[in-house]
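Data block for query22.cif (mmCIF, N, CA and C atoms):
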```
data_upload
#
loop_
_atom_site.label_atom_id
_atom_site.label_comp_id
_atom_site.auth_asym_id
_atom_site.auth_seq_id
_atom_site.Cartn_x
_atom_site.Cartn_y
_atom_site.Cartn_z
N MET N 191 -8.92 -24.44 -11.49
CA MET N 191 -9.49 -23.25 -12.09
C MET N 191 -8.52 -22.09 -11.85
N HIS N 192 -7.78 -21.71 -12.87
CA HIS N 192 -6.82 -20.63 -12.71
C HIS N 192 -7.49 -19.26 -12.66
N GLU N 193 -8.79 -19.21 -12.94
CA GLU N 193 -9.51 -17.95 -12.86
C GLU N 193 -9.54 -17.39 -11.43
N MET N 194 -9.55 -18.27 -10.42
CA MET N 194 -9.52 -17.81 -9.03
C MET N 194 -8.20 -17.10 -8.73
N THR N 195 -7.11 -17.65 -9.20
CA THR N 195 -5.80 -17.02 -9.03
C THR N 195 -5.75 -15.68 -9.76
N ILE N 196 -6.31 -15.64 -10.94
CA ILE N 196 -6.34 -14.40 -11.72
C ILE N 196 -7.20 -13.36 -11.01
N ALA N 197 -8.37 -13.76 -10.52
CA ALA N 197 -9.25 -12.83 -9.81
C ALA N 197 -8.56 -12.27 -8.58
N ASN N 198 -7.84 -13.10 -7.84
CA ASN N 198 -7.09 -12.63 -6.67
C ASN N 198 -6.02 -11.61 -7.07
N ALA N 199 -5.33 -11.86 -8.16
CA ALA N 199 -4.30 -10.94 -8.62
C ALA N 199 -4.91 -9.61 -9.07
N ILE N 200 -6.04 -9.67 -9.76
CA ILE N 200 -6.71 -8.44 -10.19
C ILE N 200 -7.17 -7.65 -8.96
N LEU N 201 -7.73 -8.35 -7.98
CA LEU N 201 -8.17 -7.67 -6.75
C LEU N 201 -6.99 -7.01 -6.05
N SER N 202 -5.90 -7.71 -5.94
CA SER N 202 -4.71 -7.16 -5.28
C SER N 202 -4.24 -5.88 -5.97
N GLU N 203 -4.16 -5.91 -7.29
CA GLU N 203 -3.73 -4.74 -8.05
C GLU N 203 -4.75 -3.61 -7.95
N THR N 204 -6.02 -3.96 -7.93
CA THR N 204 -7.08 -2.97 -7.80
C THR N 204 -6.98 -2.24 -6.46
N LEU N 205 -6.85 -3.00 -5.38
CA LEU N 205 -6.76 -2.40 -4.05
C LEU N 205 -5.50 -1.58 -3.89
N HIS N 206 -4.41 -2.04 -4.53
CA HIS N 206 -3.16 -1.28 -4.51
C HIS N 206 -3.34 0.06 -5.24
N ALA N 207 -4.01 0.02 -6.39
CA ALA N 207 -4.24 1.25 -7.16
C ALA N 207 -5.10 2.23 -6.38
N VAL N 208 -6.14 1.73 -5.72
CA VAL N 208 -7.02 2.60 -4.93
C VAL N 208 -6.24 3.21 -3.76
N ALA N 209 -5.47 2.38 -3.07
CA ALA N 209 -4.70 2.86 -1.91
C ALA N 209 -3.63 3.87 -2.32
N SER N 210 -3.04 3.70 -3.49
CA SER N 210 -1.98 4.60 -3.92
C SER N 210 -2.49 6.01 -4.21
N HIS N 211 -3.79 6.13 -4.46
CA HIS N 211 -4.37 7.46 -4.69
C HIS N 211 -4.70 8.16 -3.38
N GLY N 212 -4.85 7.39 -2.30
CA GLY N 212 -5.05 7.95 -0.97
C GLY N 212 -6.20 8.92 -0.87
N ASP N 213 -7.26 8.68 -1.64
CA ASP N 213 -8.41 9.58 -1.64
C ASP N 213 -9.33 9.25 -0.47
N ALA N 214 -9.46 10.18 0.46
CA ALA N 214 -10.29 9.97 1.64
C ALA N 214 -11.77 9.88 1.30
N ASP N 215 -12.17 10.39 0.13
CA ASP N 215 -13.57 10.35 -0.27
C ASP N 215 -13.98 9.01 -0.89
N THR N 216 -13.04 8.12 -1.15
CA THR N 216 -13.34 6.85 -1.78
C THR N 216 -14.08 5.93 -0.82
N LEU N 217 -15.24 5.46 -1.26
CA LEU N 217 -16.05 4.55 -0.45
C LEU N 217 -15.88 3.10 -0.87
N GLY N 218 -15.40 2.89 -2.06
CA GLY N 218 -15.23 1.53 -2.56
C GLY N 218 -15.08 1.52 -4.06
N VAL N 219 -14.92 0.33 -4.58
CA VAL N 219 -14.71 0.15 -6.02
C VAL N 219 -16.05 -0.14 -6.68
N GLU N 220 -16.31 0.58 -7.76
CA GLU N 220 -17.56 0.40 -8.50
C GLU N 220 -17.36 -0.50 -9.72
N GLN N 221 -16.25 -0.28 -10.42
CA GLN N 221 -16.01 -1.03 -11.66
C GLN N 221 -14.51 -1.22 -11.87
N VAL N 222 -14.15 -2.39 -12.38
CA VAL N 222 -12.76 -2.70 -12.71
C VAL N 222 -12.74 -3.19 -14.15
N GLU N 223 -11.86 -2.61 -14.95
CA GLU N 223 -11.71 -3.03 -16.34
C GLU N 223 -10.36 -3.70 -16.52
N VAL N 224 -10.38 -4.83 -17.23
CA VAL N 224 -9.18 -5.62 -17.44
C VAL N 224 -9.12 -6.08 -18.90
N ALA N 225 -7.94 -5.95 -19.50
CA ALA N 225 -7.70 -6.48 -20.85
C ALA N 225 -7.03 -7.85 -20.68
N ILE N 226 -7.64 -8.87 -21.27
CA ILE N 226 -7.14 -10.24 -21.09
C ILE N 226 -6.76 -10.85 -22.43
N GLY N 227 -5.51 -11.25 -22.54
CA GLY N 227 -5.04 -11.89 -23.76
C GLY N 227 -5.69 -13.25 -23.94
N GLU N 228 -6.10 -13.52 -25.16
CA GLU N 228 -6.79 -14.78 -25.47
C GLU N 228 -5.90 -16.00 -25.23
N LEU N 229 -4.58 -15.83 -25.28
CA LEU N 229 -3.68 -16.95 -25.04
C LEU N 229 -3.69 -17.38 -23.57
N GLN N 230 -4.26 -16.59 -22.69
CA GLN N 230 -4.38 -16.93 -21.28
C GLN N 230 -5.48 -17.97 -21.04
N LEU N 231 -6.35 -18.17 -22.03
CA LEU N 231 -7.43 -19.16 -21.96
C LEU N 231 -8.33 -18.96 -20.74
N VAL N 232 -8.68 -17.71 -20.47
CA VAL N 232 -9.55 -17.40 -19.35
C VAL N 232 -11.00 -17.62 -19.77
N VAL N 233 -11.75 -18.33 -18.94
CA VAL N 233 -13.18 -18.54 -19.16
C VAL N 233 -13.90 -17.41 -18.43
N SER N 234 -14.54 -16.52 -19.19
CA SER N 234 -15.10 -15.30 -18.59
C SER N 234 -16.14 -15.59 -17.52
N GLU N 235 -16.97 -16.61 -17.71
CA GLU N 235 -17.98 -16.94 -16.70
C GLU N 235 -17.32 -17.39 -15.40
N ALA N 236 -16.26 -18.16 -15.51
CA ALA N 236 -15.54 -18.62 -14.32
C ALA N 236 -14.84 -17.44 -13.63
N LEU N 237 -14.31 -16.51 -14.43
CA LEU N 237 -13.66 -15.34 -13.85
C LEU N 237 -14.69 -14.47 -13.12
N ASP N 238 -15.87 -14.31 -13.69
CA ASP N 238 -16.92 -13.54 -13.03
C ASP N 238 -17.30 -14.15 -11.68
N LEU N 239 -17.44 -15.48 -11.65
CA LEU N 239 -17.76 -16.17 -10.38
C LEU N 239 -16.63 -16.00 -9.38
N ALA N 240 -15.41 -16.14 -9.84
CA ALA N 240 -14.25 -15.98 -8.96
C ALA N 240 -14.17 -14.55 -8.44
N TRP N 241 -14.46 -13.58 -9.29
CA TRP N 241 -14.42 -12.18 -8.87
C TRP N 241 -15.42 -11.93 -7.74
N GLY N 242 -16.62 -12.44 -7.90
CA GLY N 242 -17.62 -12.29 -6.84
C GLY N 242 -17.15 -12.88 -5.53
N ALA N 243 -16.48 -14.02 -5.60
CA ALA N 243 -16.02 -14.71 -4.38
C ALA N 243 -14.86 -13.97 -3.72
N VAL N 244 -13.87 -13.55 -4.50
CA VAL N 244 -12.67 -12.94 -3.89
C VAL N 244 -12.92 -11.53 -3.40
N THR N 245 -13.94 -10.86 -3.92
CA THR N 245 -14.19 -9.48 -3.51
C THR N 245 -15.07 -9.38 -2.27
N GLU N 246 -15.67 -10.48 -1.85
CA GLU N 246 -16.52 -10.44 -0.65
C GLU N 246 -15.75 -9.89 0.54
N GLY N 247 -16.37 -8.92 1.20
CA GLY N 247 -15.76 -8.34 2.39
C GLY N 247 -14.64 -7.35 2.11
N THR N 248 -14.44 -6.98 0.85
CA THR N 248 -13.40 -6.02 0.49
C THR N 248 -14.06 -4.74 -0.05
N PRO N 249 -13.29 -3.68 -0.22
CA PRO N 249 -13.86 -2.47 -0.83
C PRO N 249 -14.36 -2.68 -2.26
N ALA N 250 -14.00 -3.80 -2.87
CA ALA N 250 -14.45 -4.09 -4.24
C ALA N 250 -15.70 -4.96 -4.28
N GLU N 251 -16.24 -5.31 -3.12
CA GLU N 251 -17.44 -6.16 -3.09
C GLU N 251 -18.57 -5.48 -3.86
N GLY N 252 -19.21 -6.24 -4.73
CA GLY N 252 -20.31 -5.72 -5.53
C GLY N 252 -19.88 -4.97 -6.78
N SER N 253 -18.58 -4.87 -6.99
CA SER N 253 -18.10 -4.14 -8.17
C SER N 253 -18.29 -4.98 -9.43
N GLU N 254 -18.34 -4.28 -10.55
CA GLU N 254 -18.48 -4.93 -11.85
C GLU N 254 -17.10 -5.16 -12.44
N LEU N 255 -16.86 -6.37 -12.91
CA LEU N 255 -15.61 -6.69 -13.61
C LEU N 255 -15.91 -6.69 -15.10
N VAL N 256 -15.27 -5.79 -15.82
CA VAL N 256 -15.46 -5.66 -17.27
C VAL N 256 -14.18 -6.14 -17.94
N THR N 257 -14.32 -7.11 -18.82
CA THR N 257 -13.14 -7.66 -19.50
C THR N 257 -13.19 -7.37 -21.00
N THR N 258 -12.01 -7.15 -21.55
CA THR N 258 -11.85 -6.99 -22.99
C THR N 258 -10.87 -8.05 -23.46
N ASP N 259 -11.25 -8.79 -24.49
CA ASP N 259 -10.37 -9.81 -25.05
C ASP N 259 -9.34 -9.16 -25.97
N VAL N 260 -8.10 -9.59 -25.81
CA VAL N 260 -7.00 -9.10 -26.66
C VAL N 260 -6.55 -10.26 -27.54
N PRO N 261 -6.74 -10.15 -28.85
CA PRO N 261 -6.35 -11.24 -29.74
C PRO N 261 -4.83 -11.41 -29.80
N PRO N 262 -4.38 -12.62 -30.06
CA PRO N 262 -2.94 -12.86 -30.13
C PRO N 262 -2.31 -12.27 -31.38
N ASP N 263 -1.08 -11.80 -31.21
CA ASP N 263 -0.30 -11.25 -32.31
C ASP N 263 1.14 -11.67 -32.06
N ALA N 264 1.81 -12.12 -33.10
CA ALA N 264 3.19 -12.58 -32.95
C ALA N 264 4.03 -12.15 -34.15
N ARG N 265 5.35 -12.18 -33.94
CA ARG N 265 6.29 -11.91 -35.02
C ARG N 265 7.30 -13.05 -35.05
N CYS N 266 7.54 -13.58 -36.22
CA CYS N 266 8.52 -14.64 -36.38
C CYS N 266 9.92 -14.04 -36.21
N ARG N 267 10.71 -14.69 -35.38
CA ARG N 267 12.08 -14.21 -35.14
C ARG N 267 13.01 -14.53 -36.32
N GLN N 268 12.59 -15.42 -37.19
CA GLN N 268 13.42 -15.79 -38.33
C GLN N 268 13.19 -14.90 -39.54
N CYS N 269 11.91 -14.65 -39.87
CA CYS N 269 11.61 -13.90 -41.11
C CYS N 269 10.85 -12.60 -40.86
N SER N 270 10.50 -12.32 -39.61
CA SER N 270 9.79 -11.09 -39.20
C SER N 270 8.34 -11.02 -39.64
N GLU N 271 7.81 -12.12 -40.15
CA GLU N 271 6.38 -12.17 -40.51
C GLU N 271 5.54 -12.01 -39.26
N ARG N 272 4.51 -11.16 -39.33
CA ARG N 272 3.55 -11.04 -38.23
C ARG N 272 2.37 -11.95 -38.52
N PHE N 273 1.91 -12.63 -37.47
CA PHE N 273 0.79 -13.55 -37.64
C PHE N 273 0.05 -13.72 -36.32
N ALA N 274 -1.12 -14.33 -36.40
CA ALA N 274 -1.95 -14.57 -35.22
C ALA N 274 -1.80 -16.03 -34.81
N PRO N 275 -1.01 -16.29 -33.77
CA PRO N 275 -0.85 -17.67 -33.32
C PRO N 275 -2.12 -18.14 -32.60
N THR N 276 -2.24 -19.43 -32.47
CA THR N 276 -3.33 -20.00 -31.68
C THR N 276 -2.69 -20.66 -30.46
N THR N 277 -3.51 -21.15 -29.57
CA THR N 277 -2.96 -21.79 -28.38
C THR N 277 -2.24 -23.09 -28.72
N ARG N 278 -2.47 -23.62 -29.89
CA ARG N 278 -1.85 -24.88 -30.29
C ARG N 278 -0.82 -24.73 -31.40
N GLU N 279 -0.75 -23.58 -32.03
CA GLU N 279 0.08 -23.43 -33.22
C GLU N 279 0.85 -22.11 -33.20
N PHE N 280 2.17 -22.21 -33.05
CA PHE N 280 3.03 -21.04 -33.05
C PHE N 280 3.98 -21.06 -34.25
N VAL N 281 3.67 -21.84 -35.26
CA VAL N 281 4.52 -21.95 -36.44
C VAL N 281 4.21 -20.80 -37.39
N CYS N 282 5.25 -20.15 -37.85
CA CYS N 282 5.11 -19.04 -38.78
C CYS N 282 4.51 -19.54 -40.10
N PRO N 283 3.44 -18.91 -40.57
CA PRO N 283 2.84 -19.35 -41.84
C PRO N 283 3.71 -19.03 -43.06
N ALA N 284 4.64 -18.11 -42.91
CA ALA N 284 5.49 -17.72 -44.05
C ALA N 284 6.70 -18.63 -44.22
N CYS N 285 7.39 -18.96 -43.11
CA CYS N 285 8.63 -19.73 -43.24
C CYS N 285 8.58 -21.10 -42.57
N GLY N 286 7.53 -21.38 -41.81
CA GLY N 286 7.36 -22.69 -41.19
C GLY N 286 8.19 -22.93 -39.94
N VAL N 287 8.80 -21.88 -39.39
CA VAL N 287 9.62 -22.02 -38.19
C VAL N 287 8.78 -21.67 -36.96
N ALA N 288 8.97 -22.45 -35.90
CA ALA N 288 8.25 -22.19 -34.64
C ALA N 288 9.16 -21.41 -33.70
N ASP N 289 9.35 -20.13 -34.02
CA ASP N 289 10.18 -19.25 -33.19
C ASP N 289 9.52 -17.88 -33.17
N ALA N 290 8.43 -17.79 -32.41
CA ALA N 290 7.62 -16.58 -32.41
C ALA N 290 7.84 -15.73 -31.17
N GLU N 291 7.88 -14.44 -31.39
CA GLU N 291 7.87 -13.46 -30.29
C GLU N 291 6.41 -13.02 -30.14
N ILE N 292 5.84 -13.23 -28.97
CA ILE N 292 4.45 -12.84 -28.73
C ILE N 292 4.41 -11.34 -28.48
N LEU N 293 3.65 -10.64 -29.29
CA LEU N 293 3.54 -9.18 -29.19
C LEU N 293 2.31 -8.75 -28.41
N ALA N 294 1.25 -9.54 -28.48
CA ALA N 294 0.00 -9.22 -27.78
C ALA N 294 -0.80 -10.50 -27.59
N GLY N 295 -1.68 -10.45 -26.63
CA GLY N 295 -2.60 -11.57 -26.42
C GLY N 295 -2.18 -12.55 -25.35
N ASN N 296 -1.10 -12.25 -24.62
CA ASN N 296 -0.65 -13.17 -23.58
C ASN N 296 -0.60 -12.51 -22.20
N ASP N 297 -1.10 -11.28 -22.10
CA ASP N 297 -1.05 -10.53 -20.86
C ASP N 297 -2.43 -10.37 -20.24
N ILE N 298 -2.43 -10.01 -18.97
CA ILE N 298 -3.63 -9.58 -18.28
C ILE N 298 -3.29 -8.23 -17.69
N VAL N 299 -4.00 -7.18 -18.13
CA VAL N 299 -3.65 -5.81 -17.76
C VAL N 299 -4.85 -5.11 -17.13
N LEU N 300 -4.64 -4.58 -15.94
CA LEU N 300 -5.65 -3.75 -15.28
C LEU N 300 -5.65 -2.41 -16.00
N THR N 301 -6.77 -2.07 -16.63
CA THR N 301 -6.80 -0.84 -17.45
C THR N 301 -7.54 0.32 -16.79
N SER N 302 -8.47 0.01 -15.86
CA SER N 302 -9.25 1.09 -15.25
C SER N 302 -9.89 0.62 -13.96
N VAL N 303 -9.94 1.54 -12.99
CA VAL N 303 -10.66 1.30 -11.74
C VAL N 303 -11.53 2.52 -11.48
N VAL N 304 -12.82 2.30 -11.32
CA VAL N 304 -13.76 3.37 -11.02
C VAL N 304 -14.22 3.20 -9.58
N CYS N 305 -14.07 4.26 -8.79
CA CYS N 305 -14.42 4.20 -7.37
C CYS N 305 -15.70 4.98 -7.08
N ARG N 306 -16.42 4.52 -6.05
CA ARG N 306 -17.55 5.27 -5.52
C ARG N 306 -16.98 6.29 -4.53
N THR N 307 -17.53 7.48 -4.56
CA THR N 307 -17.08 8.50 -3.62
C THR N 307 -18.27 9.06 -2.86
N GLN N 308 -17.99 9.84 -1.86
CA GLN N 308 -19.04 10.47 -1.05
C GLN N 308 -19.87 11.43 -1.89
N GLU N 309 -19.27 11.98 -2.93
CA GLU N 309 -19.96 12.94 -3.78
C GLU N 309 -20.96 12.28 -4.72
N GLY N 310 -20.89 10.96 -4.87
CA GLY N 310 -21.87 10.31 -5.72
C GLY N 310 -21.29 9.32 -6.59
#
```
Structure translated into structure tokens:
Amino acid sequence: MHEMTIANAILSETLHAVASHGDADTLGVEQVEVAIGELQLVVSEALDLAWGAVTEGTPAEGSELVTTDVPPDARCRQCSERFAPTTREFVCPACGVADAEILAGNDIVLTSVVCRTQEG
């Protein structure tokens, strides 16, 4: 289950982002938002379970993980046609060549971290 590895990486980046702000009023993480490319083949239910497990005992324990799916987008390096590849098919529909540059849909990006503070 690669979702556990992904959850650990998200947690690491989340805690790094919180620490880099050095806010003494921060009590913990309330919500984490992540954009996940569909080519990563992440199972959202498995990621939610992994998130709950990896955040136990951390400032992110009990936080909500909000994910947004990013559809795949590619450009053919031969003819410059843009198309939506699938996990099984990277052949350009215009010229039939399998030489695609992935433009979107293959990344996992931490987009937002919301922290609880003493003020509320």
Check: Which of these residues is nearest to Ala264 (chain N), using all atoms listed in the file: N:Ala243, N:Ile298, N:Ala250, N:Ala290?
Finding: N:Ala290
Next item on the list: Would you kindly return, as an NGL selection string, each protein, DNA or RNA residue with an atom no farther than 10 Å from any atom of Asn198 (chain N), considering only C-alpha atoms and excluding same-chain residues fewer than 5 positions away?
Entry: :N and (193 or 203-204 or 240-241 or 243-245)
Margin query: For a cutoff of 5 Å around the file-coordinate point (-0.5, -14.3, -29.6), which residues qualify once you count only N, CA and C atoms? I'd like the result as a PyMOL selection string.
Written below: chain N and resi 262-264+275+294-295
Would you save the residues from that selection as a tab-separated table (two decimals), keeping the file's coordinate frame, using N, CA and C atoms?
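And here's out14.tsv as it stands now:
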```tsv
chain	number	residue	atom	x	y	z
N	262	PRO	N	-4.38	-12.62	-30.06
N	262	PRO	CA	-2.94	-12.86	-30.13
N	262	PRO	C	-2.31	-12.27	-31.38
N	263	ASP	N	-1.08	-11.80	-31.21
N	263	ASP	CA	-0.30	-11.25	-32.31
N	263	ASP	C	1.14	-11.67	-32.06
N	264	ALA	N	1.81	-12.12	-33.10
N	264	ALA	CA	3.19	-12.58	-32.95
N	264	ALA	C	4.03	-12.15	-34.15
N	275	PRO	N	-1.01	-16.29	-33.77
N	275	PRO	CA	-0.85	-17.67	-33.32
N	275	PRO	C	-2.12	-18.14	-32.60
N	294	ALA	N	1.25	-9.54	-28.48
N	294	ALA	CA	0.00	-9.22	-27.78
N	294	ALA	C	-0.80	-10.50	-27.59
N	295	GLY	N	-1.68	-10.45	-26.63
N	295	GLY	CA	-2.60	-11.57	-26.42
N	295	GLY	C	-2.18	-12.55	-25.35
```
Next item on the list: DSSP on the backbone, then: every residue of chain N marked helix (DSSP H, G or I), written as a ChimeraX atom specification.
Entry: /N:192-211,228-230,234-245
Margin query: One decimal, in Å: what's the spacing between atom C of Cys282 (chain N) and atom C of Gln230 (chain N)?
Written below: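 The value is 21.6 Å.
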Next item on the list: Figure out the distance between atom C of Leu300 (chain N) and CA of Gly242 (chain N), please, to one decimal in Å.
Entry: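 Separation of CA of Gly242 (chain N) and atom C of Leu300 (chain N): 18.0 Å.
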Notebook entry, point to check: Given the file above and the PyMOL selection byres ((chain N and resi 218) around 6.5), which residues are selected, and can you give them as a VMD selection string?
Noted result: chain N and resid 215 to 217 219 to 220 249 to 250 304 to 307
Dump as a PDB file, in the coordinates of the input, selection limited to N, CA and C atoms:
```pdb
ATOM      1  N   ASP N 215     -12.170  10.390   0.130  1.00  0.00           N
ATOM      2  CA  ASP N 215     -13.570  10.350  -0.270  1.00  0.00           C
ATOM      3  C   ASP N 215     -13.980   9.010  -0.890  1.00  0.00           C
ATOM      4  N   THR N 216     -13.040   8.120  -1.150  1.00  0.00           N
ATOM      5  CA  THR N 216     -13.340   6.850  -1.780  1.00  0.00           C
ATOM      6  C   THR N 216     -14.080   5.930  -0.820  1.00  0.00           C
ATOM      7  N   LEU N 217     -15.240   5.460  -1.260  1.00  0.00           N
ATOM      8  CA  LEU N 217     -16.050   4.550  -0.450  1.00  0.00           C
ATOM      9  C   LEU N 217     -15.880   3.100  -0.870  1.00  0.00           C
ATOM     10  N   VAL N 219     -14.920   0.330  -4.580  1.00  0.00           N
ATOM     11  CA  VAL N 219     -14.710   0.150  -6.020  1.00  0.00           C
ATOM     12  C   VAL N 219     -16.050  -0.140  -6.680  1.00  0.00           C
ATOM     13  N   GLU N 220     -16.310   0.580  -7.760  1.00  0.00           N
ATOM     14  CA  GLU N 220     -17.560   0.400  -8.500  1.00  0.00           C
ATOM     15  C   GLU N 220     -17.360  -0.500  -9.720  1.00  0.00           C
ATOM     16  N   PRO N 249     -13.290  -3.680  -0.220  1.00  0.00           N
ATOM     17  CA  PRO N 249     -13.860  -2.470  -0.830  1.00  0.00           C
ATOM     18  C   PRO N 249     -14.360  -2.680  -2.260  1.00  0.00           C
ATOM     19  N   ALA N 250     -14.000  -3.800  -2.870  1.00  0.00           N
ATOM     20  CA  ALA N 250     -14.450  -4.090  -4.240  1.00  0.00           C
ATOM     21  C   ALA N 250     -15.700  -4.960  -4.280  1.00  0.00           C
ATOM     22  N   VAL N 304     -12.820   2.300 -11.320  1.00  0.00           N
ATOM     23  CA  VAL N 304     -13.760   3.370 -11.020  1.00  0.00           C
ATOM     24  C   VAL N 304     -14.220   3.200  -9.580  1.00  0.00           C
ATOM     25  N   CYS N 305     -14.070   4.260  -8.790  1.00  0.00           N
ATOM     26  CA  CYS N 305     -14.420   4.200  -7.370  1.00  0.00           C
ATOM     27  C   CYS N 305     -15.700   4.980  -7.080  1.00  0.00           C
ATOM     28  N   ARG N 306     -16.420   4.520  -6.050  1.00  0.00           N
ATOM     29  CA  ARG N 306     -17.550   5.270  -5.520  1.00  0.00           C
ATOM     30  C   ARG N 306     -16.980   6.290  -4.530  1.00  0.00           C
ATOM     31  N   THR N 307     -17.530   7.480  -4.560  1.00  0.00           N
ATOM     32  CA  THR N 307     -17.080   8.500  -3.620  1.00  0.00           C
ATOM     33  C   THR N 307     -18.270   9.060  -2.860  1.00  0.00           C
TER      34      THR N 307
END
```
Next item on the list: Any chance you could resolve the PyMOL selection byres (((chain N and resi 256 and name CA) around 12) and name CA) against this file and give the residues as a ChimeraX atom specification?
Entry: /N:200,220-226,234-235,237-238,241,253-255,257-259,299-304
Just write the chosen residues, N, CA and C atoms, as a compact mmCIF listing (two decimals), in the frame of the given file.
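Generated file (part_5.txt):
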```
# COMPACT_ATOMS: atom_id res chain seq x y z
N ILE N 200 -6.04 -9.67 -9.76
CA ILE N 200 -6.71 -8.44 -10.19
C ILE N 200 -7.17 -7.65 -8.96
N GLU N 220 -16.31 0.58 -7.76
CA GLU N 220 -17.56 0.40 -8.50
C GLU N 220 -17.36 -0.50 -9.72
N GLN N 221 -16.25 -0.28 -10.42
CA GLN N 221 -16.01 -1.03 -11.66
C GLN N 221 -14.51 -1.22 -11.87
N VAL N 222 -14.15 -2.39 -12.38
CA VAL N 222 -12.76 -2.70 -12.71
C VAL N 222 -12.74 -3.19 -14.15
N GLU N 223 -11.86 -2.61 -14.95
CA GLU N 223 -11.71 -3.03 -16.34
C GLU N 223 -10.36 -3.70 -16.52
N VAL N 224 -10.38 -4.83 -17.23
CA VAL N 224 -9.18 -5.62 -17.44
C VAL N 224 -9.12 -6.08 -18.90
N ALA N 225 -7.94 -5.95 -19.50
CA ALA N 225 -7.70 -6.48 -20.85
C ALA N 225 -7.03 -7.85 -20.68
N ILE N 226 -7.64 -8.87 -21.27
CA ILE N 226 -7.14 -10.24 -21.09
C ILE N 226 -6.76 -10.85 -22.43
N SER N 234 -14.54 -16.52 -19.19
CA SER N 234 -15.10 -15.30 -18.59
C SER N 234 -16.14 -15.59 -17.52
N GLU N 235 -16.97 -16.61 -17.71
CA GLU N 235 -17.98 -16.94 -16.70
C GLU N 235 -17.32 -17.39 -15.40
N LEU N 237 -14.31 -16.51 -14.43
CA LEU N 237 -13.66 -15.34 -13.85
C LEU N 237 -14.69 -14.47 -13.12
N ASP N 238 -15.87 -14.31 -13.69
CA ASP N 238 -16.92 -13.54 -13.03
C ASP N 238 -17.30 -14.15 -11.68
N TRP N 241 -14.46 -13.58 -9.29
CA TRP N 241 -14.42 -12.18 -8.87
C TRP N 241 -15.42 -11.93 -7.74
N SER N 253 -18.58 -4.87 -6.99
CA SER N 253 -18.10 -4.14 -8.17
C SER N 253 -18.29 -4.98 -9.43
N GLU N 254 -18.34 -4.28 -10.55
CA GLU N 254 -18.48 -4.93 -11.85
C GLU N 254 -17.10 -5.16 -12.44
N LEU N 255 -16.86 -6.37 -12.91
CA LEU N 255 -15.61 -6.69 -13.61
C LEU N 255 -15.91 -6.69 -15.10
N THR N 257 -14.32 -7.11 -18.82
CA THR N 257 -13.14 -7.66 -19.50
C THR N 257 -13.19 -7.37 -21.00
N THR N 258 -12.01 -7.15 -21.55
CA THR N 258 -11.85 -6.99 -22.99
C THR N 258 -10.87 -8.05 -23.46
N ASP N 259 -11.25 -8.79 -24.49
CA ASP N 259 -10.37 -9.81 -25.05
C ASP N 259 -9.34 -9.16 -25.97
N VAL N 299 -4.00 -7.18 -18.13
CA VAL N 299 -3.65 -5.81 -17.76
C VAL N 299 -4.85 -5.11 -17.13
N LEU N 300 -4.64 -4.58 -15.94
CA LEU N 300 -5.65 -3.75 -15.28
C LEU N 300 -5.65 -2.41 -16.00
N THR N 301 -6.77 -2.07 -16.63
CA THR N 301 -6.80 -0.84 -17.45
C THR N 301 -7.54 0.32 -16.79
N SER N 302 -8.47 0.01 -15.86
CA SER N 302 -9.25 1.09 -15.25
C SER N 302 -9.89 0.62 -13.96
N VAL N 303 -9.94 1.54 -12.99
CA VAL N 303 -10.66 1.30 -11.74
C VAL N 303 -11.53 2.52 -11.48
N VAL N 304 -12.82 2.30 -11.32
CA VAL N 304 -13.76 3.37 -11.02
C VAL N 304 -14.22 3.20 -9.58
```
Next item on the list: Could you tell me how far CA of Cys266 (chain N) lies from atom N of Glu228 (chain N), in Å and to one decimal?
Entry: 18.5 Å
Item checked: Among the residues N:Ala284, N:Leu201, N:Ala209, N:Ala236, the one that comes closest to Arg267 (chain N) [using only C-alpha atoms] ->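 Answer, going by the shortest atom-to-atom distance: N:Ala284.
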Could you give me the centre and size, in Å to one decimal, of an axis-aligned box around all listed atoms of region 286-291 of chain N with 5 Å added on every side, as lines of an AutoDock Vina configuration file?
```
center_x = 8.3
center_y = -18.0
center_z = -36.0
size_x = 13.8
size_y = 19.9
size_z = 21.7
```
Notebook entry, point to check: What are the DSSP strand (DSSP E or B) residues of chain N, as a ChimeraX atom specification?
Noted result: /N:216-227,254-260,263-266,272-273,290-294,298-307
